[in-house]
>>> print(open('start_39.txt').read())   # compact mmCIF, C-alpha atoms and all ligand atoms
# COMPACT_ATOMS: atom_id res chain seq x y z
CA MET F 1401 14.14 31.16 40.12
CA LYS F 1402 12.25 28.47 38.21
CA ARG F 1403 12.38 28.67 34.45
CA LYS F 1404 8.92 29.40 33.02
CA GLU F 1405 9.21 26.83 30.22
CA SER F 1406 11.38 23.72 30.41
CA ALA F 1407 13.67 22.73 27.56
CA GLU F 1408 11.52 19.59 27.13
CA GLU F 1409 8.39 21.67 26.72
CA LYS F 1410 10.27 23.92 24.31
CA VAL F 1411 11.31 21.05 22.05
CA GLY F 1412 8.01 19.27 22.68
CA ILE F 1413 9.12 15.83 23.88
CA GLY F 1414 6.24 13.38 23.52
CA GLN F 1415 4.20 15.89 21.55
CA CYS F 1416 5.80 17.78 18.65
CA GLY F 1417 3.44 20.70 18.03
CA ILE F 1418 0.25 19.14 16.73
CA THR F 1419 2.16 15.99 15.71
CA LYS F 1420 3.45 13.00 17.67
CA PRO F 1421 6.64 10.97 17.04
CA GLU F 1422 5.97 7.58 15.45
CA VAL F 1423 8.51 5.96 17.80
CA PRO F 1424 8.13 6.75 21.50
CA PRO F 1425 11.00 8.55 23.21
CA ILE F 1426 13.24 6.89 25.77
CA TYR F 1427 12.67 8.56 29.13
CA ALA F 1428 16.28 8.12 30.25
CA THR F 1429 15.74 9.72 33.62
CA SER F 1430 16.05 8.24 37.08
CA VAL F 1431 13.80 10.85 38.73
CA PHE F 1432 11.03 13.42 38.05
CA SER F 1433 10.75 16.94 39.47
CA PHE F 1434 7.72 18.60 41.12
CA GLU F 1435 6.47 22.19 41.29
CA THR F 1436 5.01 21.96 44.79
CA LEU F 1437 4.90 19.77 47.91
CA GLU F 1438 1.15 19.34 47.36
CA ASP F 1439 1.91 17.78 43.97
CA VAL F 1440 4.31 15.35 45.65
CA ASP F 1441 1.46 14.14 47.87
CA ALA F 1442 -0.96 14.02 44.93
CA VAL F 1443 1.34 11.89 42.74
CA TYR F 1444 2.34 9.53 45.60
CA GLU F 1445 -1.31 9.02 46.55
CA GLY F 1446 -2.54 8.67 42.97
CA GLY F 1447 -4.65 11.84 43.03
CA LYS F 1448 -2.75 13.30 40.05
CA PRO F 1449 -0.91 11.49 37.24
CA GLY F 1450 2.87 11.60 37.35
CA TYR F 1451 6.07 9.74 38.08
CA VAL F 1452 8.47 9.95 41.00
CA TYR F 1453 11.44 7.65 40.60
CA SER F 1454 12.33 5.15 37.87
CA ARG F 1455 12.97 2.25 40.27
CA THR F 1456 9.21 2.38 40.91
CA SER F 1457 7.93 3.50 37.53
CA ASN F 1458 9.04 5.15 34.27
CA PRO F 1459 6.99 6.16 31.19
CA THR F 1460 8.97 4.06 28.67
CA VAL F 1461 8.80 1.05 30.97
CA ARG F 1462 5.07 1.64 31.59
CA LEU F 1463 4.47 1.74 27.85
CA LEU F 1464 6.17 -1.66 27.50
CA GLU F 1465 4.10 -2.99 30.41
CA GLU F 1466 0.91 -1.89 28.67
CA GLU F 1467 1.94 -3.72 25.47
CA LEU F 1468 2.90 -6.86 27.41
CA SER F 1469 -0.32 -6.92 29.37
CA HIS F 1470 -2.26 -6.69 26.11
CA LEU F 1471 -0.23 -9.55 24.59
CA GLU F 1472 -0.68 -11.83 27.62
CA GLY F 1473 -4.34 -10.96 28.22
CA THR F 1474 -3.65 -9.83 31.80
CA GLU F 1475 -5.04 -6.87 33.74
CA ARG F 1476 -1.56 -5.61 34.46
CA ALA F 1477 2.05 -6.48 33.67
CA LEU F 1478 5.35 -5.47 35.27
CA ALA F 1479 8.75 -5.34 33.60
CA PHE F 1480 11.91 -6.42 35.41
CA SER F 1481 15.67 -6.27 34.95
CA SER F 1482 15.81 -9.99 34.05
CA GLY F 1483 13.66 -13.10 33.88
CA MET F 1484 15.15 -14.22 37.20
CA ALA F 1485 14.26 -10.85 38.80
CA ALA F 1486 10.66 -11.40 37.66
CA ILE F 1487 10.66 -14.95 39.06
CA THR F 1488 12.28 -14.22 42.45
CA THR F 1489 10.29 -11.02 43.07
CA THR F 1490 6.98 -12.68 42.17
CA ILE F 1491 7.68 -15.72 44.36
CA CYS F 1492 8.70 -13.46 47.27
CA SER F 1493 5.46 -11.54 46.95
CA LEU F 1494 3.33 -14.71 46.96
CA VAL F 1495 4.85 -16.95 49.66
CA LYS F 1496 5.99 -16.51 53.25
CA PRO F 1497 7.89 -18.67 55.79
CA GLY F 1498 5.84 -21.75 56.71
CA ASP F 1499 4.24 -22.06 53.26
CA HIS F 1500 4.56 -25.07 51.00
CA VAL F 1501 5.20 -24.95 47.24
CA LEU F 1502 4.68 -27.57 44.52
CA ALA F 1503 7.15 -27.15 41.67
CA SER F 1504 7.69 -29.03 38.47
CA LYS F 1505 10.66 -31.41 38.47
CA VAL F 1506 12.00 -30.11 35.17
CA LEU F 1507 12.59 -26.36 35.22
CA TYR F 1508 15.21 -23.90 34.02
CA GLY F 1509 18.32 -24.71 36.13
CA GLU F 1510 18.48 -21.40 38.02
CA THR F 1511 14.76 -21.56 38.89
CA HIS F 1512 15.34 -25.12 40.10
CA LYS F 1513 18.17 -23.80 42.28
CA LEU F 1514 15.94 -21.04 43.69
CA PHE F 1515 13.36 -23.66 44.73
CA ARG F 1516 15.94 -26.20 45.89
CA GLU F 1517 18.24 -23.91 47.88
CA ILE F 1518 16.84 -20.43 48.51
CA LEU F 1519 13.17 -21.09 49.34
CA PRO F 1520 14.01 -23.71 52.02
CA TYR F 1521 16.56 -21.20 53.42
CA TRP F 1522 13.66 -18.73 53.79
CA GLY F 1523 11.52 -21.36 55.55
CA VAL F 1524 9.39 -22.34 52.54
CA GLU F 1525 9.12 -26.07 51.82
CA VAL F 1526 9.18 -27.26 48.21
CA ASP F 1527 8.17 -30.59 46.67
CA PHE F 1528 9.22 -31.33 43.09
CA LEU F 1529 6.68 -33.30 41.09
CA GLU F 1530 5.83 -34.53 37.62
CA PHE F 1531 2.87 -32.48 36.43
CA GLN F 1532 1.93 -34.66 33.48
CA ASP F 1533 -1.47 -35.73 34.87
CA PRO F 1534 -3.17 -33.13 37.13
CA ALA F 1535 -5.37 -35.85 38.69
CA ASP F 1536 -2.23 -37.42 40.26
CA LEU F 1537 -1.63 -34.27 42.29
CA GLU F 1538 -4.49 -34.60 44.76
CA SER F 1539 -2.42 -36.21 47.55
CA SER F 1540 0.46 -33.73 47.15
CA PHE F 1541 -1.45 -30.67 48.38
CA ARG F 1542 -1.13 -29.76 52.05
CA GLU F 1543 -3.02 -27.31 54.25
CA ASN F 1544 -0.22 -24.79 53.69
CA THR F 1545 0.34 -25.29 49.93
CA ARG F 1546 0.17 -21.78 48.52
CA LEU F 1547 1.85 -22.00 45.14
CA LEU F 1548 2.15 -24.34 42.19
CA TYR F 1549 4.94 -23.50 39.73
CA VAL F 1550 5.37 -24.82 36.18
CA GLU F 1551 6.84 -23.94 32.78
CA THR F 1552 4.37 -24.13 29.86
CA ILE F 1553 7.05 -25.91 27.81
CA SER F 1554 9.79 -27.15 30.11
CA ASN F 1555 13.44 -26.27 29.70
CA PRO F 1556 15.12 -28.39 28.27
CA LEU F 1557 12.92 -31.49 27.69
CA MET F 1558 9.97 -29.61 26.16
CA GLN F 1559 7.31 -31.27 28.31
CA VAL F 1560 4.01 -29.43 28.02
CA CYS F 1561 1.69 -29.24 31.00
CA ASP F 1562 -2.09 -29.12 31.15
CA ILE F 1563 -2.35 -25.64 32.69
CA ALA F 1564 -6.17 -25.62 32.86
CA GLY F 1565 -6.20 -29.06 34.57
CA LEU F 1566 -3.55 -27.95 37.08
CA CYS F 1567 -5.46 -24.76 37.83
CA GLU F 1568 -8.63 -26.74 38.49
CA GLU F 1569 -6.81 -28.95 41.03
CA ALA F 1570 -5.06 -25.96 42.61
CA GLU F 1571 -8.35 -24.07 42.92
CA LYS F 1572 -9.73 -26.83 45.18
CA HIS F 1573 -6.88 -26.07 47.60
CA ARG F 1574 -6.91 -22.26 47.27
CA CYS F 1575 -3.44 -22.48 45.79
CA ARG F 1576 -2.07 -20.01 43.22
CA VAL F 1577 -0.63 -21.15 39.91
CA VAL F 1578 2.40 -19.37 38.45
CA VAL F 1579 3.53 -20.26 34.92
CA ASP F 1580 6.85 -19.45 33.27
CA ASN F 1581 5.79 -19.03 29.64
CA THR F 1582 9.25 -18.17 28.24
CA PHE F 1583 9.48 -21.08 25.76
CA ALA F 1584 5.84 -20.96 24.61
CA THR F 1585 5.44 -17.14 24.61
CA PRO F 1586 2.01 -15.46 24.24
CA ALA F 1587 2.20 -16.23 20.51
CA PHE F 1588 1.32 -19.86 21.32
CA CYS F 1589 -0.15 -19.82 24.83
CA ARG F 1590 -1.68 -17.31 27.25
CA PRO F 1591 -1.53 -19.06 30.65
CA VAL F 1592 -3.82 -16.56 32.39
CA GLU F 1593 -6.60 -17.44 29.94
CA GLU F 1594 -6.11 -21.10 31.00
CA GLY F 1595 -6.72 -20.07 34.64
CA ALA F 1596 -3.17 -19.32 35.89
CA HIS F 1597 -2.84 -16.46 38.38
CA VAL F 1598 0.52 -15.15 37.21
CA VAL F 1599 2.43 -15.50 33.93
CA LEU F 1600 6.18 -14.94 33.83
CA GLU F 1601 8.45 -14.36 30.84
CA SER F 1602 12.14 -13.84 30.34
CA LEU F 1603 12.09 -10.86 27.96
CA THR F 1604 15.74 -11.66 27.27
CA LYS F 1605 14.39 -14.35 24.96
CA TYR F 1606 11.63 -14.21 22.33
CA LEU F 1607 9.65 -11.11 23.30
CA ASN F 1608 12.63 -8.86 22.66
CA GLY F 1609 14.16 -11.44 20.34
CA HIS F 1610 17.40 -9.76 19.28
CA SER F 1611 19.84 -10.95 21.99
CA ASP F 1612 20.54 -7.37 23.10
CA VAL F 1613 18.37 -7.01 26.23
CA THR F 1614 18.22 -8.73 29.62
CA GLY F 1615 14.69 -8.41 31.00
CA GLY F 1616 11.70 -10.12 32.56
CA MET F 1617 7.96 -9.78 32.98
CA ALA F 1618 5.21 -10.78 35.39
CA GLY F 1619 1.53 -10.42 34.49
CA GLY F 1620 -1.70 -11.06 36.37
CA SER F 1621 -4.55 -9.35 38.17
CA ALA F 1622 -4.23 -5.66 39.05
CA ALA F 1623 -4.26 -6.59 42.77
CA ASP F 1624 -1.49 -9.21 42.47
CA MET F 1625 0.65 -6.94 40.31
CA GLU F 1626 0.17 -4.01 42.68
CA LYS F 1627 1.65 -6.18 45.44
CA THR F 1628 4.45 -7.60 43.27
CA GLY F 1629 5.19 -4.05 42.08
CA ARG F 1630 5.74 -2.98 45.70
CA PHE F 1631 8.20 -5.85 46.12
CA ARG F 1632 9.94 -4.85 42.88
CA ALA F 1633 10.39 -1.30 44.15
CA LEU F 1634 11.99 -2.63 47.35
CA MET F 1635 14.07 -5.41 45.82
CA GLY F 1636 15.19 -3.13 43.02
CA GLY F 1637 14.85 -5.37 39.97
CA CYS F 1638 13.44 -2.63 37.70
CA MET F 1639 14.04 -2.53 33.94
CA SER F 1640 16.09 0.28 32.40
CA PRO F 1641 14.20 2.66 30.06
CA PHE F 1642 16.61 1.86 27.22
CA ASP F 1643 16.02 -1.89 27.56
CA ALA F 1644 12.27 -1.23 27.66
CA TRP F 1645 12.57 0.79 24.46
CA LEU F 1646 14.58 -1.96 22.72
CA THR F 1647 11.98 -4.52 23.82
CA LEU F 1648 9.17 -2.32 22.47
CA ARG F 1649 11.03 -2.32 19.17
CA GLY F 1650 11.46 -6.12 19.30
CA LEU F 1651 7.73 -6.57 19.93
CA LYS F 1652 6.89 -5.02 16.56
CA THR F 1653 8.08 -8.17 14.76
CA PHE F 1654 7.20 -10.65 17.51
CA PRO F 1655 4.26 -12.48 15.80
CA LEU F 1656 6.15 -12.81 12.52
CA ARG F 1657 9.32 -14.04 14.22
CA MET F 1658 7.44 -16.63 16.28
CA GLU F 1659 5.72 -18.06 13.24
CA LYS F 1660 9.07 -18.60 11.56
CA HIS F 1661 10.84 -19.90 14.71
CA ALA F 1662 8.13 -22.56 15.06
CA GLU F 1663 8.12 -23.47 11.38
CA ASN F 1664 11.91 -23.91 11.40
CA ALA F 1665 11.86 -25.88 14.67
CA LEU F 1666 9.39 -28.39 13.24
CA TYR F 1667 11.44 -28.70 10.04
CA LEU F 1668 14.69 -29.31 11.99
CA ALA F 1669 13.01 -31.68 14.49
CA ARG F 1670 11.74 -33.86 11.62
CA LYS F 1671 15.18 -33.91 9.98
CA LEU F 1672 16.94 -34.70 13.27
CA GLU F 1673 14.53 -37.56 13.99
CA ARG F 1674 15.76 -39.35 10.91
CA HIS F 1675 19.51 -38.85 11.42
CA PRO F 1676 21.46 -41.96 12.60
CA ALA F 1677 23.68 -39.93 15.00
CA VAL F 1678 20.58 -38.70 16.89
CA LYS F 1679 19.15 -41.01 19.55
CA LYS F 1680 16.04 -39.02 20.49
CA VAL F 1681 14.37 -35.70 19.64
CA PHE F 1682 12.27 -33.71 22.14
CA TYR F 1683 9.84 -31.35 20.38
CA PRO F 1684 6.15 -31.09 21.37
CA GLY F 1685 5.15 -30.83 17.71
CA LEU F 1686 6.41 -34.35 16.97
CA GLU F 1687 3.75 -37.07 17.12
CA ARG F 1688 6.01 -39.33 19.21
CA HIS F 1689 6.77 -36.71 21.90
CA SER F 1690 5.13 -37.63 25.22
CA SER F 1691 3.39 -34.22 25.40
CA TYR F 1692 2.09 -34.16 21.82
CA GLY F 1693 -1.58 -34.69 22.85
CA ILE F 1694 -1.68 -31.89 25.41
CA ALA F 1695 0.52 -29.64 23.24
CA ARG F 1696 -2.05 -29.88 20.43
CA LYS F 1697 -4.78 -28.77 22.83
CA LEU F 1698 -2.87 -26.05 24.65
CA LEU F 1699 -0.61 -24.46 22.07
CA ARG F 1700 -2.22 -22.39 19.34
CA ASN F 1701 -0.68 -21.75 15.92
CA GLY F 1702 2.50 -23.77 16.50
CA PHE F 1703 4.69 -25.61 18.99
CA GLY F 1704 7.39 -23.03 19.66
CA GLY F 1705 10.94 -22.56 18.46
CA MET F 1706 12.79 -24.77 20.96
CA LEU F 1707 13.73 -28.43 20.72
CA SER F 1708 16.36 -30.71 22.17
CA PHE F 1709 17.99 -33.91 20.98
CA GLU F 1710 20.33 -36.52 22.30
CA VAL F 1711 23.38 -37.39 20.26
CA ALA F 1712 25.20 -40.71 20.29
CA GLY F 1713 28.46 -40.64 22.26
CA GLY F 1714 27.37 -38.51 25.24
CA GLU F 1715 29.44 -35.41 26.06
CA ASP F 1716 32.14 -36.44 23.59
CA GLY F 1717 29.53 -36.66 20.83
CA VAL F 1718 28.27 -33.14 21.69
CA SER F 1719 31.81 -31.80 21.79
CA ARG F 1720 32.55 -33.19 18.32
CA LEU F 1721 29.24 -31.92 16.95
CA VAL F 1722 29.99 -28.38 18.18
CA ARG F 1723 33.46 -28.46 16.58
CA ASN F 1724 32.12 -29.83 13.29
CA LEU F 1725 29.53 -27.06 12.87
CA GLU F 1726 30.52 -24.15 10.66
CA ASN F 1727 27.65 -21.68 11.12
CA VAL F 1728 25.42 -22.83 13.97
CA GLU F 1729 26.95 -21.39 17.13
CA LEU F 1730 27.20 -22.71 20.67
CA LEU F 1731 25.30 -20.05 22.65
CA PRO F 1732 24.14 -20.45 26.26
CA SER F 1733 20.83 -18.65 25.69
CA LEU F 1734 17.95 -18.95 23.23
CA ALA F 1735 15.56 -17.06 20.96
CA ALA F 1736 18.22 -15.45 18.77
CA VAL F 1737 17.30 -14.71 15.15
CA LYS F 1738 19.99 -17.26 14.19
CA THR F 1739 19.75 -20.96 14.98
CA THR F 1740 21.97 -21.75 17.99
CA LEU F 1741 22.82 -24.75 20.16
CA SER F 1742 23.45 -25.08 23.86
CA HIS F 1743 24.52 -27.90 26.15
CA PRO F 1744 22.17 -27.87 29.20
CA ALA F 1745 24.50 -30.02 31.35
CA LYS F 1746 27.26 -27.42 31.04
CA THR F 1747 25.15 -24.23 30.95
CA SER F 1748 21.44 -23.75 31.83
CA HIS F 1749 21.38 -26.82 34.13
CA ARG F 1750 24.98 -26.67 35.36
CA SER F 1751 23.81 -25.85 38.89
CA VAL F 1752 21.53 -28.92 39.11
CA PRO F 1753 23.44 -31.75 40.86
CA ALA F 1754 24.56 -34.30 38.22
CA ASP F 1755 22.60 -37.23 39.76
CA VAL F 1756 19.36 -35.16 39.87
CA ARG F 1757 19.96 -33.84 36.36
CA ILE F 1758 20.56 -37.29 34.87
CA SER F 1759 17.58 -38.81 36.72
CA LEU F 1760 15.42 -36.15 35.06
CA GLY F 1761 16.68 -37.13 31.61
CA ILE F 1762 19.02 -34.15 31.12
CA THR F 1763 21.92 -36.31 30.02
CA ASP F 1764 25.46 -35.33 29.02
CA GLY F 1765 24.54 -36.08 25.40
CA LEU F 1766 21.55 -33.71 25.37
CA VAL F 1767 21.75 -30.71 23.05
CA ARG F 1768 19.20 -27.87 23.11
CA LEU F 1769 18.46 -26.15 19.83
CA SER F 1770 16.91 -22.71 19.40
CA ALA F 1771 15.57 -22.52 15.85
CA GLY F 1772 16.26 -19.18 14.18
CA ILE F 1773 14.36 -17.42 11.44
CA GLU F 1774 16.80 -18.11 8.59
CA THR F 1775 16.24 -20.42 5.64
CA PRO F 1776 16.03 -23.77 7.44
CA GLU F 1777 17.56 -25.73 4.53
CA ALA F 1778 20.87 -23.87 5.00
CA VAL F 1779 20.85 -24.59 8.75
CA TRP F 1780 20.17 -28.27 8.13
CA GLN F 1781 22.98 -28.47 5.57
CA ASP F 1782 25.45 -27.37 8.26
CA MET F 1783 23.94 -29.64 10.90
CA GLU F 1784 23.65 -32.69 8.68
CA LYS F 1785 27.31 -32.43 7.65
CA ALA F 1786 28.40 -32.08 11.30
CA LEU F 1787 26.23 -35.02 12.40
CA ASP F 1788 27.37 -37.21 9.46
CA GLU F 1789 30.92 -36.82 10.71
CA LEU F 1790 29.83 -38.30 14.08
CA VAL F 1791 28.55 -41.42 12.33
CA GLU F 1792 31.64 -41.76 10.18
CA ALA F 1793 34.05 -41.33 13.14
C1 LIG X 1 12.54 -20.90 30.96
C2 LIG X 1 13.39 -19.78 31.49
N1 LIG X 1 12.89 -19.00 32.45
C3 LIG X 1 13.60 -17.99 32.98
C4 LIG X 1 14.90 -17.74 32.56
C5 LIG X 1 15.67 -16.62 33.21
O1 LIG X 1 15.68 -15.50 32.41
P1 LIG X 1 16.86 -14.39 32.47
O2 LIG X 1 18.09 -15.05 31.91
O3 LIG X 1 16.32 -13.29 31.63
O4 LIG X 1 17.04 -14.03 33.88
C6 LIG X 1 15.46 -18.53 31.56
C7 LIG X 1 16.83 -18.29 31.12
O5 LIG X 1 17.37 -18.98 30.30
C8 LIG X 1 14.69 -19.59 31.02
O6 LIG X 1 15.18 -20.40 30.08
>>> encode(input="start_39.txt", output="structure tokens")
Amino acid sequence: MKRKESAEEKVGIGQCGITKPEVPPIYATSVFSFETLEDVDAVYEGGKPGYVYSRTSNPTVRLLEEELSHLEGTERALAFSSGMAAITTTICSLVKPGDHVLASKVLYGETHKLFREILPYWGVEVDFLEFQDPADLESSFRENTRLLYVETISNPLMQVCDIAGLCEEAEKHRCRVVVDNTFATPAFCRPVEEGAHVVLESLTKYLNGHSDVTGGMAGGSAADMEKTGRFRALMGGCMSPFDAWLTLRGLKTFPLRMEKHAENALYLARKLERHPAVKKVFYPGLERHSSYGIARKLLRNGFGGMLSFEVAGGEDGVSRLVRNLENVELLPSLAAVKTTLSHPAKTSHRSVPADVRISLGITDGLVRLSAGIETPEAVWQDMEKALDELVEA
């Protein structure tokens, strides 16, 4: 015997009498029940609204997807279990054996590994290029080039690419452009408005922003996302409802946080530039950075919260810096509310062969800094003291 009224209806989940909860509930359910077989058909075929199984779709996750799609200016967005799940699933849905891909030379280490090792294993050829001037690309396209892949601000050298220029070149060859926007975030750049077909984000970073979620996102046209969504359902990289809920909470302060991350990054970059233990600073908001011109055109309202710098003394210099710091932590991620450091050679780019890594400029003395949202003067006090000790040693 079916109960006439479910407990949920009794307590009014989603709708509390004539009122509605200010914070949406977490639909912590893996599956949804049906009254009839006809309803099963109707929901599967889209004739009636409803959910079936949370690997395919879940109300809390859908709510996050709606918010993300609004932020990125896309028709549709999909949430994933990690940034890498978003990247691999999207790539799988866009290329097939025999295709050719153009990828930026400087990318997050694991993405580089995917392009270097996994795509060739699947029969997809990849060429790594510098994307600084889109006009130089003309001769790199082939008949079978289907995808061009870049990061808005590259990890870890902070090179900014001319997305609109790249899209114009790619369009001539009927090639899709996919942009990982994790460092720039929609606060500073919306790649789809520049002409990109798909935007990707690691939600683990700024969009959630509290270092307590692992997640990813892909956004684009409804047709592309429908296809990528089918791949997600098969490959299984769905986001948990609880992580979606935490990310929805993180999004509430996203614009404010980004403003402060960028303000602090510029402050710290300017201080670092003048310190004698620092050989070079990479931040697109600095006039002497090679991407400053394009960054000023592409990025709105700021240059992001990430920078990197090279310390004197190579790996030994980095090791001493890390030990000298009292408050700034060594953390192999980014976008925390606190300022943190990481060492790309040993963490994010560990899987890139040393000769390739060094030829790209990711040296053993390179430190990546994720500017937090604290008082920047206090952060600099700690950093200056730690760096001074490198000069004195
Ligand atoms: C630029 C960039 N893209 C993608 C990723 C992967 O994201 P996740 O760690 O959420 O899988 C990272 C991770 O650091 C990253 O830095």
>>> residues_near_ligand(input="start_39.txt", ligand="ligand LIG 1 (chain X)", cutoff="6 Å", atoms="all atoms listed in the file", output="MDAnalysis selection string")
chainID F and resid 1482:1484 1508 1555 1582 1602 1604 1614:1616 1733
>>> atom_distance(input="start_39.txt", atom1="atom CA of F:Glu1551", atom2="atom CA of F:Met1658")
18.1 Å
>>> residues_around(input="start_39.txt", residues="stretch 1749-1757 of chain F", least_positions_apart="3", cutoff="10 Å", atoms="only C-alpha atoms", output="list in words")
Lys1505, Val1506, Leu1507, Tyr1508, Gly1509, Glu1510, Thr1511, His1512, Lys1513, Arg1516, Asn1555, Pro1556, His1743, Pro1744, Ala1745, Lys1746, Leu1760, Gly1761, Ile1762, Thr1763 and Asp1764 of chain F
>>> closest_residue(input="start_39.txt", among="F:Val1577, F:Phe1434, F:Asp1782, F:Cys1416", to="F:Lys1448", atoms="all atoms listed in the file")
F:Phe1434
>>> atom_distance(input="start_39.txt", atom1="atom CA of F:Leu1607", atom2="atom CA of F:Lys1697")
22.8 Å
>>> atom_distance(input="start_39.txt", atom1="atom CA of F:Glu1525", atom2="atom CA of F:Phe1541")
12.0 Å
>>> closest_residue(input="start_39.txt", among="F:Gly1714, F:Lys1496, F:Gly1523, F:Ala1584", to="F:Ile1553", atoms="only C-alpha atoms")
F:Ala1584
>>> residues_around(input="start_39.txt", residues="stretch 1617-1631 of chain F", least_positions_apart="2", cutoff="8 Å", atoms="all atoms listed in the file", output="ChimeraX atom specification")
/F:1456,1469,1472,1474-1480,1482-1483,1486-1487,1489-1490,1492-1493,1592,1597-1603,1615,1633-1635
>>> write_last_selection(input="start_39.txt", atoms="C-alpha atoms", output="short mmCIF file (atom, residue, chain, number, x, y, z; two decimals), in the frame of the given file")
data_model
loop_
_atom_site.label_atom_id
_atom_site.label_comp_id
_atom_site.auth_asym_id
_atom_site.auth_seq_id
_atom_site.Cartn_x
_atom_site.Cartn_y
_atom_site.Cartn_z
CA THR F 1456 9.21 2.38 40.91
CA SER F 1469 -0.32 -6.92 29.37
CA GLU F 1472 -0.68 -11.83 27.62
CA THR F 1474 -3.65 -9.83 31.80
CA GLU F 1475 -5.04 -6.87 33.74
CA ARG F 1476 -1.56 -5.61 34.46
CA ALA F 1477 2.05 -6.48 33.67
CA LEU F 1478 5.35 -5.47 35.27
CA ALA F 1479 8.75 -5.34 33.60
CA PHE F 1480 11.91 -6.42 35.41
CA SER F 1482 15.81 -9.99 34.05
CA GLY F 1483 13.66 -13.10 33.88
CA ALA F 1486 10.66 -11.40 37.66
CA ILE F 1487 10.66 -14.95 39.06
CA THR F 1489 10.29 -11.02 43.07
CA THR F 1490 6.98 -12.68 42.17
CA CYS F 1492 8.70 -13.46 47.27
CA SER F 1493 5.46 -11.54 46.95
CA VAL F 1592 -3.82 -16.56 32.39
CA HIS F 1597 -2.84 -16.46 38.38
CA VAL F 1598 0.52 -15.15 37.21
CA VAL F 1599 2.43 -15.50 33.93
CA LEU F 1600 6.18 -14.94 33.83
CA GLU F 1601 8.45 -14.36 30.84
CA SER F 1602 12.14 -13.84 30.34
CA LEU F 1603 12.09 -10.86 27.96
CA GLY F 1615 14.69 -8.41 31.00
CA ALA F 1633 10.39 -1.30 44.15
CA LEU F 1634 11.99 -2.63 47.35
CA MET F 1635 14.07 -5.41 45.82
#
>>> residues_near_point(input="start_39.txt", point="(25.1, -22.5, 6.6)", cutoff="12 Å", atoms="only C-alpha atoms", output="JSON, numbers by chain")
{"F": [1725, 1726, 1727, 1728, 1729, 1738, 1739, 1740, 1774, 1775, 1776, 1777, 1778, 1779, 1780, 1781, 1782, 1783, 1784, 1785, 1786]}
>>> closest_atom_pairs(input="start_39.txt", of="stretch 1459-1512 of chain F", to="stretch 1527-1534 of chain F", cutoff="6 Å", atoms="all atoms listed in the file", output="CSV")
residue,atom,partner,partner_atom,distance
F:Leu1502,CA,F:Asp1527,CA,5.1
F:Ala1503,CA,F:Phe1528,CA,4.9
F:Ser1504,CA,F:Leu1529,CA,5.1
F:Lys1505,CA,F:Phe1528,CA,4.8
>>> closest_residue(input="start_39.txt", among="F:Asn1724, F:Cys1561, F:Pro1641, F:Asp1788", to="F:Tyr1692", atoms="all atoms listed in the file")
F:Cys1561
>>> residues_around(input="start_39.txt", residues="F:Gly1609", least_positions_apart="3", cutoff="6 Å", atoms="all atoms listed in the file", output="CSV table (one decimal) with C-alpha atoms, in the frame of the given file")
chain,number,residue,atom,x,y,z
F,1605,LYS,CA,14.4,-14.4,25.0
F,1606,TYR,CA,11.6,-14.2,22.3
F,1735,ALA,CA,15.6,-17.1,21.0
F,1736,ALA,CA,18.2,-15.4,18.8
>>> decode(input="start_39.txt", residues="stretch 1533-1542 of chain F", atoms="N, CA and C atoms", output="CSV table (one decimal), in the first residue's frame")
chain,number,residue,atom,x,y,z
F,1533,ASP,N,50.3,35.1,-30.2
F,1533,ASP,CA,49.8,35.9,-31.3
F,1533,ASP,C,48.9,35.0,-32.2
F,1534,PRO,N,47.6,35.2,-32.2
F,1534,PRO,CA,46.7,34.3,-32.9
F,1534,PRO,C,47.1,34.2,-34.4
F,1535,ALA,N,47.6,35.3,-35.0
F,1535,ALA,CA,48.0,35.3,-36.4
F,1535,ALA,C,49.0,34.2,-36.7
F,1536,ASP,N,49.9,33.9,-35.7
F,1536,ASP,CA,51.0,32.9,-36.0
F,1536,ASP,C,50.4,31.5,-36.1
F,1537,LEU,N,49.1,31.3,-35.8
F,1537,LEU,CA,48.6,29.9,-35.8
F,1537,LEU,C,48.2,29.3,-37.1
F,1538,GLU,N,48.0,30.2,-38.1
F,1538,GLU,CA,47.5,29.8,-39.4
F,1538,GLU,C,48.0,28.5,-39.9
F,1539,SER,N,49.4,28.3,-39.9
F,1539,SER,CA,49.9,27.1,-40.5
F,1539,SER,C,49.8,25.9,-39.6
F,1540,SER,N,49.3,26.1,-38.4
F,1540,SER,CA,49.3,24.9,-37.4
F,1540,SER,C,48.0,24.1,-37.6
F,1541,PHE,N,46.9,24.7,-38.2
F,1541,PHE,CA,45.7,24.0,-38.4
F,1541,PHE,C,45.8,23.0,-39.4
F,1542,ARG,N,45.2,21.8,-39.2
F,1542,ARG,CA,45.1,20.8,-40.3
F,1542,ARG,C,43.7,20.5,-40.6
